[in-house]
$ cat final23.cif   # mmCIF, C-alpha atoms
data_start
#
loop_
_atom_site.label_atom_id
_atom_site.label_comp_id
_atom_site.auth_asym_id
_atom_site.auth_seq_id
_atom_site.Cartn_x
_atom_site.Cartn_y
_atom_site.Cartn_z
CA MET L 117 127.46 -43.67 -3.25
CA THR L 118 128.59 -46.07 -0.53
CA ILE L 119 125.56 -47.94 0.80
CA PHE L 120 127.19 -50.20 3.39
CA ASN L 121 129.61 -49.00 6.02
CA GLN L 122 132.03 -51.07 8.07
CA SER L 123 129.34 -52.19 10.54
CA HIS L 124 127.28 -53.60 7.68
CA LEU L 125 130.19 -55.64 6.43
CA VAL L 126 130.64 -57.16 9.80
CA MET L 127 126.98 -58.21 9.73
CA PHE L 128 127.42 -59.86 6.31
CA LYS L 129 130.01 -62.08 7.80
CA SER L 130 127.40 -64.01 9.64
CA SER L 131 124.28 -65.62 8.16
CA LYS L 132 122.14 -64.23 10.95
CA GLY L 133 123.10 -60.70 10.11
CA LEU L 134 122.35 -61.31 6.42
CA ALA L 135 118.81 -62.51 7.21
CA ILE L 136 118.10 -59.41 9.26
CA LEU L 137 119.32 -57.16 6.46
CA ILE L 138 117.10 -58.87 3.87
CA ALA L 139 114.01 -58.61 6.13
CA LEU L 140 114.66 -54.91 6.68
CA SER L 141 114.97 -54.28 2.94
CA LEU L 142 111.63 -56.07 2.21
CA PHE L 143 109.87 -54.05 4.89
CA ILE L 144 111.15 -50.78 3.39
CA PHE L 145 110.08 -51.90 -0.13
CA ILE L 146 106.49 -52.94 0.86
CA THR L 147 105.93 -49.76 2.90
CA ALA L 148 107.07 -47.60 -0.03
CA ALA L 149 104.75 -49.45 -2.47
CA GLN L 150 101.68 -49.02 -0.19
CA THR L 151 102.48 -45.35 0.27
CA LEU L 152 102.74 -44.89 -3.49
CA HIS L 153 99.36 -46.63 -4.09
CA PHE L 154 97.69 -44.53 -1.38
CA ASN L 155 98.96 -41.29 -2.85
CA THR L 156 97.83 -42.37 -6.31
CA ASP L 157 94.29 -42.87 -4.99
CA ARG L 158 94.35 -39.49 -3.29
CA PHE L 159 95.26 -37.69 -6.42
CA THR L 160 92.89 -39.48 -8.77
CA GLU L 161 91.00 -36.93 -10.91
CA PRO L 162 87.79 -36.00 -9.06
CA GLU L 163 84.40 -36.79 -10.56
CA GLU L 164 82.54 -33.99 -12.24
CA THR L 165 79.95 -32.31 -10.04
CA THR L 166 76.56 -31.14 -11.42
CA GLN L 167 75.97 -27.44 -11.08
CA PRO L 168 72.43 -26.48 -9.89
CA GLU L 169 70.14 -25.76 -12.86
CA VAL L 170 68.87 -22.24 -13.09
CA VAL L 171 65.04 -22.45 -13.48
CA GLU L 172 63.49 -19.52 -15.21
CA GLU L 173 60.31 -18.20 -13.55
CA VAL L 174 57.26 -19.06 -15.67
CA LYS L 175 54.94 -16.12 -15.95
CA MET L 176 51.29 -17.18 -15.65
CA PRO L 177 49.01 -15.93 -18.43
CA ALA L 178 46.59 -13.17 -17.55
CA PRO L 179 43.09 -14.43 -16.73
CA ILE L 180 40.34 -14.53 -19.33
CA VAL L 181 37.47 -12.38 -18.04
CA TYR L 182 34.07 -12.72 -19.76
CA GLY L 183 35.92 -14.15 -22.76
CA ILE L 184 38.32 -11.17 -22.89
CA ALA L 185 42.13 -11.57 -22.60
CA THR L 186 43.38 -9.17 -19.92
CA ASP L 187 47.15 -9.15 -20.62
CA SER L 188 47.26 -5.37 -20.97
CA PHE L 189 44.40 -4.53 -18.60
CA GLU L 190 43.86 -3.96 -14.91
CA ILE L 191 40.70 -5.60 -13.54
CA VAL L 192 38.32 -3.76 -11.19
CA GLU L 193 35.37 -5.69 -9.74
CA THR L 194 32.69 -4.06 -7.56
CA VAL L 195 28.92 -3.39 -7.36
CA ILE L 196 26.62 -0.56 -8.36
CA GLU L 197 26.02 1.81 -5.45
CA ARG L 198 22.53 3.14 -4.76
CA GLY L 199 21.86 6.17 -6.95
CA GLU L 200 25.04 5.66 -8.99
CA THR L 201 24.81 6.18 -12.77
CA LEU L 202 26.83 4.73 -15.63
CA SER L 203 28.18 8.17 -16.47
CA GLU L 204 29.44 8.65 -12.90
CA ILE L 205 31.15 5.25 -12.90
CA LEU L 206 32.89 5.70 -16.25
CA SER L 207 33.95 9.29 -15.64
CA SER L 208 36.46 7.93 -13.10
CA TYR L 209 38.06 5.94 -15.94
CA ASN L 210 38.52 8.75 -18.48
CA ILE L 211 35.24 8.16 -20.38
CA SER L 212 33.42 11.36 -21.31
CA PRO L 213 29.65 12.00 -20.90
CA THR L 214 29.42 12.29 -24.70
CA THR L 215 30.80 8.76 -25.12
CA VAL L 216 28.43 7.43 -22.44
CA SER L 217 25.49 9.06 -24.26
CA LEU L 218 26.51 7.37 -27.54
CA LEU L 219 26.90 4.08 -25.69
CA ALA L 220 23.43 4.39 -24.16
CA SER L 221 21.96 5.03 -27.60
CA LYS L 222 23.68 1.97 -29.09
CA SER L 223 22.64 -0.30 -26.22
CA LYS L 224 18.97 0.73 -26.10
CA ASP L 225 17.70 -2.33 -28.00
CA ILE L 226 20.17 -4.74 -26.38
CA TYR L 227 20.19 -3.73 -22.72
CA ASN L 228 19.05 -0.24 -21.78
CA VAL L 229 21.52 1.41 -19.39
CA ARG L 230 18.52 2.83 -17.49
CA ARG L 231 17.86 -0.70 -16.25
CA ILE L 232 21.20 -0.86 -14.45
CA SER L 233 20.30 -1.17 -10.76
CA ALA L 234 21.95 -0.95 -7.34
CA ASN L 235 23.79 -3.86 -5.72
CA ARG L 236 24.41 -5.68 -9.02
CA PRO L 237 28.06 -6.54 -9.85
CA TYR L 238 30.10 -4.95 -12.61
CA THR L 239 33.67 -5.18 -13.91
CA ILE L 240 35.91 -2.50 -15.42
CA LEU L 241 38.89 -3.42 -17.63
CA HIS L 242 41.16 -0.38 -17.96
CA LEU L 243 44.58 0.30 -19.49
CA ARG L 244 47.71 0.27 -17.33
CA ASP L 245 48.40 3.94 -17.84
CA SER L 246 48.19 7.05 -15.71
CA ALA L 247 44.72 7.89 -17.09
CA GLN L 248 43.43 4.34 -16.41
CA THR L 249 41.20 4.62 -19.48
CA ALA L 250 38.39 2.04 -19.41
CA GLN L 251 38.24 -0.33 -22.37
CA TYR L 252 35.32 -2.49 -21.22
CA PHE L 253 32.43 -2.17 -18.79
CA ILE L 254 30.69 -5.48 -18.01
CA TYR L 255 27.41 -5.49 -16.07
CA GLU L 256 25.54 -8.51 -14.64
CA PRO L 257 21.76 -7.87 -14.49
CA ASN L 258 21.22 -11.38 -13.11
CA ASN L 259 23.12 -14.62 -12.47
CA VAL L 260 22.70 -15.87 -16.05
CA GLU L 261 23.16 -12.81 -18.26
CA TYR L 262 25.98 -10.29 -18.57
CA VAL L 263 26.27 -7.26 -20.84
CA ILE L 264 29.64 -6.32 -22.38
CA TYR L 265 29.97 -2.62 -23.19
CA ASP L 266 33.04 -2.32 -25.45
CA LEU L 267 34.29 1.26 -25.02
CA ARG L 268 36.94 1.10 -27.75
CA GLY L 269 36.66 2.68 -31.17
CA ASP L 270 33.10 2.79 -32.49
CA LEU L 271 31.65 1.29 -29.26
CA ASN L 272 29.81 -2.02 -29.17
CA VAL L 273 27.29 -3.72 -26.86
CA THR L 274 26.60 -7.48 -26.59
CA LEU L 275 24.35 -9.47 -24.27
CA GLU L 276 25.79 -12.86 -23.31
CA LYS L 277 24.27 -15.76 -21.38
CA ARG L 278 25.98 -18.37 -19.23
CA GLU L 279 25.24 -22.07 -19.49
CA VAL L 280 22.62 -23.19 -16.97
CA LYS L 281 22.87 -26.71 -15.55
CA VAL L 282 19.54 -28.22 -14.55
CA SER L 283 19.63 -30.99 -11.96
CA GLU L 284 16.67 -33.11 -10.98
CA ARG L 285 16.30 -33.18 -7.22
CA ALA L 286 13.97 -34.59 -4.63
CA LEU L 287 13.11 -33.58 -1.10
CA ALA L 288 10.85 -35.10 1.52
CA GLY L 289 9.67 -34.37 5.02
CA GLU L 290 6.99 -34.45 7.64
CA ILE L 291 4.85 -31.55 8.76
CA LYS L 292 5.97 -30.32 12.18
CA HIS L 293 4.25 -26.96 12.41
CA SER L 294 3.47 -25.17 9.12
CA LEU L 295 3.75 -26.40 5.54
CA PHE L 296 5.98 -23.46 4.67
CA GLN L 297 8.50 -24.05 7.43
CA SER L 298 8.50 -27.83 6.98
CA ILE L 299 9.37 -27.64 3.27
CA VAL L 300 12.04 -24.98 3.87
CA ASP L 301 13.53 -27.05 6.71
CA ALA L 302 13.69 -30.06 4.36
CA GLY L 303 15.87 -28.07 1.95
CA GLY L 304 13.22 -26.40 -0.21
CA SER L 305 12.64 -22.75 -1.08
CA PRO L 306 9.70 -20.35 -0.65
CA GLN L 307 9.11 -20.64 -4.41
CA LEU L 308 8.69 -24.40 -4.09
CA VAL L 309 6.22 -23.90 -1.24
CA ASN L 310 4.15 -21.54 -3.37
CA LYS L 311 4.12 -23.93 -6.32
CA PHE L 312 3.20 -26.87 -4.10
CA ALA L 313 0.38 -24.82 -2.53
CA ASP L 314 -0.99 -23.87 -5.96
CA ILE L 315 -1.12 -27.51 -7.07
CA TYR L 316 -2.93 -28.81 -3.99
CA ALA L 317 -5.05 -25.74 -3.21
CA TRP L 318 -8.25 -27.28 -4.62
CA ARG L 319 -7.78 -30.72 -3.05
CA LEU L 320 -6.65 -29.63 0.44
CA ASP L 321 -7.22 -26.77 2.85
CA LEU L 322 -3.57 -25.93 3.35
CA ASN L 323 -4.39 -23.81 6.37
CA ARG L 324 -5.66 -26.92 8.15
CA ILE L 325 -2.98 -29.50 7.46
CA GLN L 326 -1.82 -31.36 10.56
CA PRO L 327 1.48 -32.41 12.13
CA GLY L 328 2.40 -35.87 10.88
CA ASP L 329 1.25 -35.23 7.29
CA LYS L 330 4.03 -36.14 4.83
CA PHE L 331 5.23 -34.65 1.56
CA LYS L 332 7.66 -35.53 -1.22
CA LEU L 333 8.67 -33.36 -4.19
CA ILE L 334 10.66 -33.94 -7.38
CA TYR L 335 11.80 -30.69 -8.94
CA GLU L 336 14.44 -29.05 -11.11
CA GLU L 337 17.26 -27.00 -9.59
CA LYS L 338 19.20 -24.53 -11.73
CA GLU L 339 22.92 -23.88 -11.27
CA VAL L 340 25.39 -21.49 -12.89
CA ASN L 341 29.10 -22.09 -12.24
CA GLY L 342 28.24 -24.37 -9.33
CA THR L 343 25.93 -21.85 -7.63
CA THR L 344 22.21 -22.52 -7.25
CA ILE L 345 20.20 -19.70 -8.82
CA GLY L 346 16.66 -21.03 -8.49
CA PHE L 347 14.43 -23.88 -9.55
CA GLY L 348 12.72 -24.88 -12.75
CA GLN L 349 9.63 -27.02 -12.98
CA LEU L 350 8.08 -28.88 -10.08
CA LYS L 351 7.87 -32.21 -11.89
CA ALA L 352 5.82 -34.16 -9.37
CA ALA L 353 4.58 -34.06 -5.79
CA PHE L 354 3.13 -36.41 -3.18
CA PHE L 355 1.13 -35.49 -0.11
CA GLU L 356 -0.16 -37.82 2.59
CA HIS L 357 -2.96 -36.15 4.56
CA GLN L 358 -4.63 -38.05 7.38
CA GLY L 359 -3.72 -41.34 5.74
CA ASP L 360 -4.89 -40.38 2.23
CA SER L 361 -2.23 -40.23 -0.50
CA ILE L 362 -2.58 -37.67 -3.29
CA TYR L 363 -0.12 -37.67 -6.18
CA ALA L 364 0.44 -34.67 -8.43
CA ILE L 365 2.13 -35.93 -11.60
CA GLY L 366 3.39 -33.25 -13.97
CA PHE L 367 2.37 -34.09 -17.55
CA ASP L 368 2.43 -31.98 -20.71
CA GLU L 369 -0.27 -32.68 -23.28
CA GLY L 370 1.04 -29.98 -25.57
CA ASN L 371 -0.24 -26.89 -23.76
CA GLY L 372 2.27 -26.69 -20.94
CA LEU L 373 2.77 -28.70 -17.77
CA GLY L 374 -0.40 -29.73 -15.94
CA TYR L 375 -0.78 -31.80 -12.76
CA PHE L 376 -2.87 -34.97 -12.51
CA ASP L 377 -3.59 -37.45 -9.75
CA GLN L 378 -3.00 -41.20 -10.05
CA LYS L 379 -6.38 -41.56 -11.80
CA GLY L 380 -5.50 -39.00 -14.46
CA GLN L 381 -7.82 -36.35 -13.02
CA SER L 382 -6.56 -32.78 -13.06
CA LEU L 383 -5.68 -31.23 -9.73
CA LYS L 384 -6.29 -27.82 -11.25
CA LYS L 385 -9.58 -25.97 -11.31
CA ALA L 386 -10.60 -23.49 -13.92
CA PHE L 387 -9.49 -20.89 -11.34
CA LEU L 388 -6.69 -20.56 -8.85
CA ARG L 389 -8.02 -20.88 -5.32
CA GLU L 390 -6.26 -17.74 -4.06
CA PRO L 391 -5.04 -14.53 -5.75
CA LEU L 392 -1.82 -14.42 -3.69
CA GLU L 393 0.86 -17.02 -3.38
CA TYR L 394 0.74 -18.96 -0.12
CA SER L 395 -0.49 -16.34 2.37
CA ARG L 396 -2.59 -15.91 5.51
CA ILE L 397 -6.35 -15.29 5.52
CA SER L 398 -7.05 -12.43 7.92
CA SER L 399 -10.81 -12.10 7.42
CA ARG L 400 -13.35 -14.38 5.77
CA TYR L 401 -16.58 -13.83 3.87
CA THR L 402 -19.35 -13.04 6.38
CA MET L 403 -22.69 -11.25 6.57
CA ASN L 404 -21.81 -9.55 9.87
CA ARG L 405 -18.32 -8.15 10.48
CA TYR L 406 -17.20 -5.19 12.54
CA HIS L 407 -15.56 -2.77 10.11
CA PRO L 408 -12.28 -1.49 11.61
CA VAL L 409 -12.49 1.90 9.84
CA GLN L 410 -16.23 2.62 9.81
CA LYS L 411 -16.61 1.26 13.37
CA ARG L 412 -19.85 -0.60 12.72
CA TYR L 413 -21.10 -4.07 11.85
CA LYS L 414 -21.81 -4.74 8.19
CA PRO L 415 -21.53 -7.58 5.64
CA HIS L 416 -18.02 -8.38 4.43
CA LEU L 417 -18.58 -9.96 1.03
CA GLY L 418 -14.98 -10.79 0.36
CA THR L 419 -11.93 -12.60 1.71
CA ASP L 420 -9.01 -10.62 3.13
CA PHE L 421 -5.44 -11.85 2.72
CA ALA L 422 -2.73 -10.35 4.92
CA ALA L 423 0.45 -9.68 2.94
CA PRO L 424 3.33 -7.17 2.87
CA ARG L 425 2.98 -4.05 0.78
CA GLY L 426 4.13 -4.69 -2.80
CA THR L 427 3.27 -8.42 -2.85
CA PRO L 428 2.19 -9.33 -6.42
CA ILE L 429 -1.55 -9.95 -6.91
CA ARG L 430 -2.52 -12.42 -9.63
CA THR L 431 -5.75 -12.96 -11.47
CA VAL L 432 -7.26 -16.34 -10.60
CA GLY L 433 -8.33 -17.09 -14.17
CA ASP L 434 -8.23 -16.02 -17.80
CA GLY L 435 -10.45 -13.04 -18.62
CA VAL L 436 -10.87 -9.41 -19.61
CA VAL L 437 -10.34 -6.43 -17.31
CA LEU L 438 -13.67 -4.63 -16.77
CA GLU L 439 -12.34 -1.92 -14.46
CA ALA L 440 -8.93 -0.72 -13.24
CA ARG L 441 -9.45 2.49 -11.28
CA TYR L 442 -9.59 4.22 -7.88
CA THR L 443 -12.55 4.82 -5.54
CA ARG L 444 -12.63 6.18 -2.00
CA GLY L 445 -13.74 2.88 -0.45
CA ASN L 446 -11.95 0.33 -2.65
CA GLY L 447 -8.77 2.29 -3.27
CA TYR L 448 -7.01 1.10 -6.42
CA TYR L 449 -8.80 -2.03 -7.66
CA VAL L 450 -9.13 -4.31 -10.67
CA LYS L 451 -12.26 -6.19 -11.74
CA VAL L 452 -11.95 -9.11 -14.18
CA LYS L 453 -14.73 -10.87 -16.14
CA HIS L 454 -13.76 -14.50 -16.75
CA ASN L 455 -16.84 -15.75 -18.61
CA LYS L 456 -20.61 -15.44 -18.49
CA THR L 457 -20.69 -17.03 -15.04
CA TYR L 458 -17.70 -15.74 -13.04
CA THR L 459 -16.22 -12.32 -12.21
CA THR L 460 -13.53 -11.43 -9.63
CA GLN L 461 -12.37 -8.19 -7.99
CA TYR L 462 -9.12 -7.21 -6.22
CA LEU L 463 -9.14 -4.22 -3.82
CA HIS L 464 -6.79 -1.84 -1.91
CA MET L 465 -3.86 -2.17 -4.34
CA SER L 466 -0.82 0.06 -4.01
CA LYS L 467 -0.63 0.24 -7.82
CA PHE L 468 -1.58 -1.61 -11.01
CA ALA L 469 0.79 -3.85 -12.94
CA LYS L 470 2.08 -2.62 -16.27
CA GLY L 471 -0.54 -2.80 -19.04
CA ILE L 472 -3.50 -3.40 -16.72
CA LYS L 473 -6.43 -1.25 -17.84
CA ALA L 474 -10.03 -1.69 -18.92
CA GLY L 475 -10.25 -4.00 -21.95
CA ALA L 476 -6.87 -5.73 -21.37
CA ARG L 477 -6.88 -9.53 -21.64
CA VAL L 478 -5.24 -11.41 -18.77
CA LYS L 479 -4.13 -15.01 -18.26
CA GLN L 480 -4.52 -17.15 -15.14
CA GLY L 481 -1.72 -16.37 -12.68
CA GLN L 482 -0.74 -13.08 -14.37
CA THR L 483 0.25 -10.23 -12.04
CA ILE L 484 -2.36 -7.47 -12.24
CA GLY L 485 -1.32 -5.29 -9.28
CA TYR L 486 0.42 -5.10 -5.92
CA VAL L 487 -0.77 -5.26 -2.33
CA GLY L 488 -1.34 -1.91 -0.64
CA SER L 489 -3.65 -0.16 1.80
CA THR L 490 -5.46 2.37 -0.38
CA GLY L 491 -9.12 3.19 0.27
CA LEU L 492 -10.78 2.16 3.54
CA ALA L 493 -7.98 -0.01 4.89
CA THR L 494 -6.03 0.03 8.15
CA GLY L 495 -3.00 -1.77 6.78
CA PRO L 496 -1.63 -3.58 3.71
CA HIS L 497 -3.86 -6.46 2.61
CA LEU L 498 -5.92 -7.68 -0.34
CA CYS L 499 -9.70 -7.90 -0.29
CA TYR L 500 -10.69 -10.54 -2.87
CA ARG L 501 -14.31 -10.69 -4.11
CA PHE L 502 -16.03 -13.28 -6.25
CA TRP L 503 -19.25 -13.17 -8.33
CA LYS L 504 -21.19 -16.16 -9.68
CA ASN L 505 -24.07 -15.41 -12.04
CA GLY L 506 -24.02 -11.78 -10.92
CA LYS L 507 -24.20 -12.53 -7.17
CA GLN L 508 -21.33 -12.15 -4.70
CA VAL L 509 -20.42 -15.47 -3.09
CA ASP L 510 -17.73 -16.87 -0.79
CA ALA L 511 -14.70 -17.39 -3.04
CA LEU L 512 -13.39 -20.17 -0.80
CA GLY L 513 -16.74 -21.94 -0.54
CA VAL L 514 -17.94 -21.93 -4.13
CA LYS L 515 -17.63 -25.16 -6.13
CA LEU L 516 -15.75 -24.54 -9.34
CA PRO L 517 -15.37 -26.78 -12.40
CA SER L 518 -12.16 -28.78 -12.69
CA ALA L 519 -9.87 -28.64 -15.65
CA ASN L 520 -10.05 -31.53 -18.08
CA PRO L 521 -8.52 -34.96 -17.24
CA VAL L 522 -5.77 -36.56 -19.34
CA GLU L 523 -7.03 -36.93 -22.92
CA LYS L 524 -7.57 -40.47 -24.20
CA LYS L 525 -4.86 -40.16 -26.84
CA HIS L 526 -2.30 -39.40 -24.10
CA GLN L 527 -3.41 -41.95 -21.50
CA GLU L 528 -0.86 -44.62 -22.42
CA GLU L 529 2.01 -42.12 -22.22
CA PHE L 530 0.67 -40.80 -18.91
CA ALA L 531 0.39 -44.34 -17.48
CA ALA L 532 4.11 -44.97 -18.15
CA LEU L 533 5.09 -41.65 -16.56
CA LYS L 534 2.85 -42.35 -13.56
CA GLU L 535 4.51 -45.71 -12.92
CA GLN L 536 7.99 -44.18 -13.16
CA THR L 537 7.05 -41.30 -10.83
CA ILE L 538 5.45 -43.53 -8.19
CA ASN L 539 8.55 -45.77 -8.20
CA GLN L 540 10.72 -42.70 -7.65
CA PHE L 541 8.61 -41.60 -4.70
CA ASN L 542 8.61 -45.09 -3.20
CA ALA L 543 12.42 -45.01 -3.19
CA ILE L 544 12.45 -41.82 -1.10
CA ASP L 545 12.28 -42.45 2.63
CA VAL L 546 10.95 -39.41 4.47
CA LYS L 547 12.93 -40.18 7.63
CA SER L 548 16.26 -40.90 5.91
CA ALA L 549 16.17 -38.10 3.37
CA LYS L 550 19.12 -36.20 4.88
CA GLN L 551 18.92 -32.48 4.13
CA GLY L 552 16.08 -33.34 1.79
CA LEU L 553 18.27 -33.11 -1.32
CA LEU L 554 18.70 -36.28 -3.37
CA ALA L 555 20.29 -36.00 -6.81
CA THR L 556 18.32 -38.01 -9.37
CA GLY L 557 19.89 -36.75 -12.58
CA GLU L 558 21.13 -33.65 -14.43
CA GLN L 559 21.07 -31.96 -17.80
CA LYS L 560 22.09 -28.69 -19.37
CA GLU L 561 19.85 -25.89 -20.58
CA PRO L 562 20.75 -23.83 -23.60
CA ALA L 563 22.73 -20.80 -22.41
CA GLY L 564 20.40 -18.34 -20.77
CA ALA L 565 17.28 -20.50 -20.94
#

$ encode --input "final23.cif" --output "structure tokens"
Amino acid sequence: MTIFNQSHLVMFKSSKGLAILIALSLFIFITAAQTLHFNTDRFTEPEETTQPEVVEEVKMPAPIVYGIATDSFEIVETVIERGETLSEILSSYNISPTTVSLLASKSKDIYNVRRISANRPYTILHLRDSAQTAQYFIYEPNNVEYVIYDLRGDLNVTLEKREVKVSERALAGEIKHSLFQSIVDAGGSPQLVNKFADIYAWRLDLNRIQPGDKFKLIYEEKEVNGTTIGFGQLKAAFFEHQGDSIYAIGFDEGNGLGYFDQKGQSLKKAFLREPLEYSRISSRYTMNRYHPVQKRYKPHLGTDFAAPRGTPIRTVGDGVVLEARYTRGNGYYVKVKHNKTYTTQYLHMSKFAKGIKAGARVKQGQTIGYVGSTGLATGPHLCYRFWKNGKQVDALGVKLPSANPVEKKHQEEFAALKEQTINQFNAIDVKSAKQGLLATGEQKEPAGA
């Protein structure tokens, strides 16, 4: 192919034309090379790209309920309705009355189905079929125990108990109005108030405490699965009344926990001061009282305690029941002989406690009946009467013997406990004890203790 025409040859005839031709050739060559390099880059093999990973959905395992795997079960949780029976509940889950009867027979010595009560929770585990046949019925009689009724095969019943955590707590406060309200406001419970009142009943007139009096308590609090279910022992207490400090140090000499002051003297008398837990006195012992029913003045040789119907009545000391019967004036009453010197009587009961009858032995603090308004009574209350050497006396005015002080063989051990307890109380500031709850330690009870 002819590259140069006649015009090109003319240009070659001069050096200037030759130079221009060479420059033009170089320009064409460089431009072609750059274009080739650019296109090479454009068509370089692309890098591999990572495809998104397909993540398989992880199926969570079915929950373990009361130690039972529920992979093949539906879970139903509810509470017993008033008047509802076990047979009625299970009939909705394809369990026959005959099976329920056999179950009741098997469970009689473990947990009688007759004790199942309203408003307590239960759980049904049933099959995922059209009949929804129940395989387990689990009932919780309280916050610690639960009963597993296995409805499969030959039927089985087991009573299980949860672990109870016991924490040592402290609360403190100052009396504003009443002892009851002040302790509750500080974070305590009615049960703690009653226990505190029992301990100090013989040292103080708790109906006459004054604003400004101070108290501190160290006690055990019980928890199950993080929920408080009650308290254990009241380990120690402190009360400052009109400038006087009285310690109550809990100490066990081998016969159960007793309470002693800083001198080792027992705060307990041979008798409880009152037959009801912390309550209000509505009428005192007197030789001349207007009787609200008989409408005349006559001696009232007892002490009346106002309390709601059904409040438990406790015997103030160990003894033997002399009488447990009904009369027109006294209503249902119990009379207890404690020893050769002392006898007590409890009137106007709504009913007797189980096992209370003439000849039965009773222990101090044992429930013997319940507050009512039987006999000559205008409303629910307890009339409490007290005999000393065969003569009726004022139960709140009589001087009673104290329980024994700390025995000599235990005095060294008690002295160490006393020092530790007083140091604990000294570290508790009444005014800075926020909410009244101060954790001082914790432990675990055996399951169900």

$ residues_around --input "final23.cif" --residues "L:Gln248" --least-positions-apart "3" --cutoff "8 Å" --atoms "all atoms listed in the file" --output "VMD selection string"
chain L and resid 209 to 210 242 to 245

$ closest_residue --input "final23.cif" --among "L:Ser223, L:Asn235, L:Asn228, L:Ser298" --to "L:Glu200" --atoms "only C-alpha atoms"
L:Asn235

$ atom_distance --input "final23.cif" --atom1 "atom CA of L:Phe189" --atom2 "atom CA of L:Pro213"
22.3 Å

$ closest_residue --input "final23.cif" --among "L:Gly370, L:Gly447, L:Arg396, L:Ile254" --to "L:Tyr238" --atoms "all atoms listed in the file"
L:Ile254

$ closest_residue --input "final23.cif" --among "L:Val452, L:Val273, L:Ile264, L:Val437" --to "L:Ile472" --atoms "only C-alpha atoms"
L:Val437

$ closest_residue --input "final23.cif" --among "L:Arg425, L:Lys332, L:His497, L:His357" --to "L:Ala543" --atoms "all atoms listed in the file"
L:Lys332

$ resolve_selection --input "final23.cif" --expression "the PyMOL selection byres ((chain L and resi 250) around 12)" --output "mmCIF file with C-alpha atoms, in the coordinates of the input"
data_model
loop_
_atom_site.group_PDB
_atom_site.id
_atom_site.type_symbol
_atom_site.label_atom_id
_atom_site.label_comp_id
_atom_site.auth_asym_id
_atom_site.auth_seq_id
_atom_site.Cartn_x
_atom_site.Cartn_y
_atom_site.Cartn_z
ATOM 1 C CA SER L 188 47.260 -5.370 -20.970
ATOM 2 C CA PHE L 189 44.400 -4.530 -18.600
ATOM 3 C CA GLU L 190 43.860 -3.960 -14.910
ATOM 4 C CA ILE L 191 40.700 -5.600 -13.540
ATOM 5 C CA VAL L 192 38.320 -3.760 -11.190
ATOM 6 C CA ILE L 205 31.150 5.250 -12.900
ATOM 7 C CA LEU L 206 32.890 5.700 -16.250
ATOM 8 C CA SER L 207 33.950 9.290 -15.640
ATOM 9 C CA SER L 208 36.460 7.930 -13.100
ATOM 10 C CA TYR L 209 38.060 5.940 -15.940
ATOM 11 C CA ASN L 210 38.520 8.750 -18.480
ATOM 12 C CA ILE L 211 35.240 8.160 -20.380
ATOM 13 C CA SER L 212 33.420 11.360 -21.310
ATOM 14 C CA THR L 215 30.800 8.760 -25.120
ATOM 15 C CA VAL L 216 28.430 7.430 -22.440
ATOM 16 C CA THR L 239 33.670 -5.180 -13.910
ATOM 17 C CA ILE L 240 35.910 -2.500 -15.420
ATOM 18 C CA LEU L 241 38.890 -3.420 -17.630
ATOM 19 C CA HIS L 242 41.160 -0.380 -17.960
ATOM 20 C CA LEU L 243 44.580 0.300 -19.490
ATOM 21 C CA ARG L 244 47.710 0.270 -17.330
ATOM 22 C CA ASP L 245 48.400 3.940 -17.840
ATOM 23 C CA SER L 246 48.190 7.050 -15.710
ATOM 24 C CA ALA L 247 44.720 7.890 -17.090
ATOM 25 C CA GLN L 248 43.430 4.340 -16.410
ATOM 26 C CA THR L 249 41.200 4.620 -19.480
ATOM 27 C CA GLN L 251 38.240 -0.330 -22.370
ATOM 28 C CA TYR L 252 35.320 -2.490 -21.220
ATOM 29 C CA PHE L 253 32.430 -2.170 -18.790
ATOM 30 C CA ILE L 254 30.690 -5.480 -18.010
ATOM 31 C CA TYR L 265 29.970 -2.620 -23.190
ATOM 32 C CA ASP L 266 33.040 -2.320 -25.450
ATOM 33 C CA LEU L 267 34.290 1.260 -25.020
ATOM 34 C CA ARG L 268 36.940 1.100 -27.750
ATOM 35 C CA GLY L 269 36.660 2.680 -31.170
ATOM 36 C CA LEU L 271 31.650 1.290 -29.260
#

$ residues_around --input "final23.cif" --residues "L:Gln378" --least-positions-apart "6" --cutoff "12 Å" --atoms "only C-alpha atoms" --output "list in words"
Ala352, Ala353, Phe354, Ser361, Ile362, Tyr363, Ala364, Ile365, Gly366, Phe367, Pro521, Val522, Gln527, Phe530, Ala531, Ala532, Leu533, Lys534, Glu535, Gln536, Thr537 and Ile538 of chain L

$ resolve_selection --input "final23.cif" --expression "the PyMOL selection byres ((chain L and resi 485) around 6)" --output "MDAnalysis selection string"
chainID L and resid 429 467:469 483:484 486

$ residues_around --input "final23.cif" --residues "stretch 308-323 of chain L" --least-positions-apart "3" --cutoff "10 Å" --atoms "only C-alpha atoms" --output "number ranges by chain"
L: 294-300, 304-305, 326, 331, 333, 335, 346-350, 352-355, 357, 362-364, 374-376, 382-385, 387-390, 392-397, 512, 515-516, 518

$ atom_distance --input "final23.cif" --atom1 "atom CA of L:Val432" --atom2 "atom CA of L:Gln480"
5.4 Å

$ resolve_selection --input "final23.cif" --expression "the PyMOL selection byres ((chain L and resi 338-342) around 8)" --output "ChimeraX atom specification"
/L:259-260,278-283,336-337,343-348

$ atom_distance --input "final23.cif" --atom1 "atom CA of L:Val450" --atom2 "atom CA of L:Pro391"
12.1 Å

$ closest_residue --input "final23.cif" --among "L:Tyr458, L:His526, L:His464, L:Val229" --to "L:Lys504" --atoms "all atoms listed in the file"
L:Tyr458
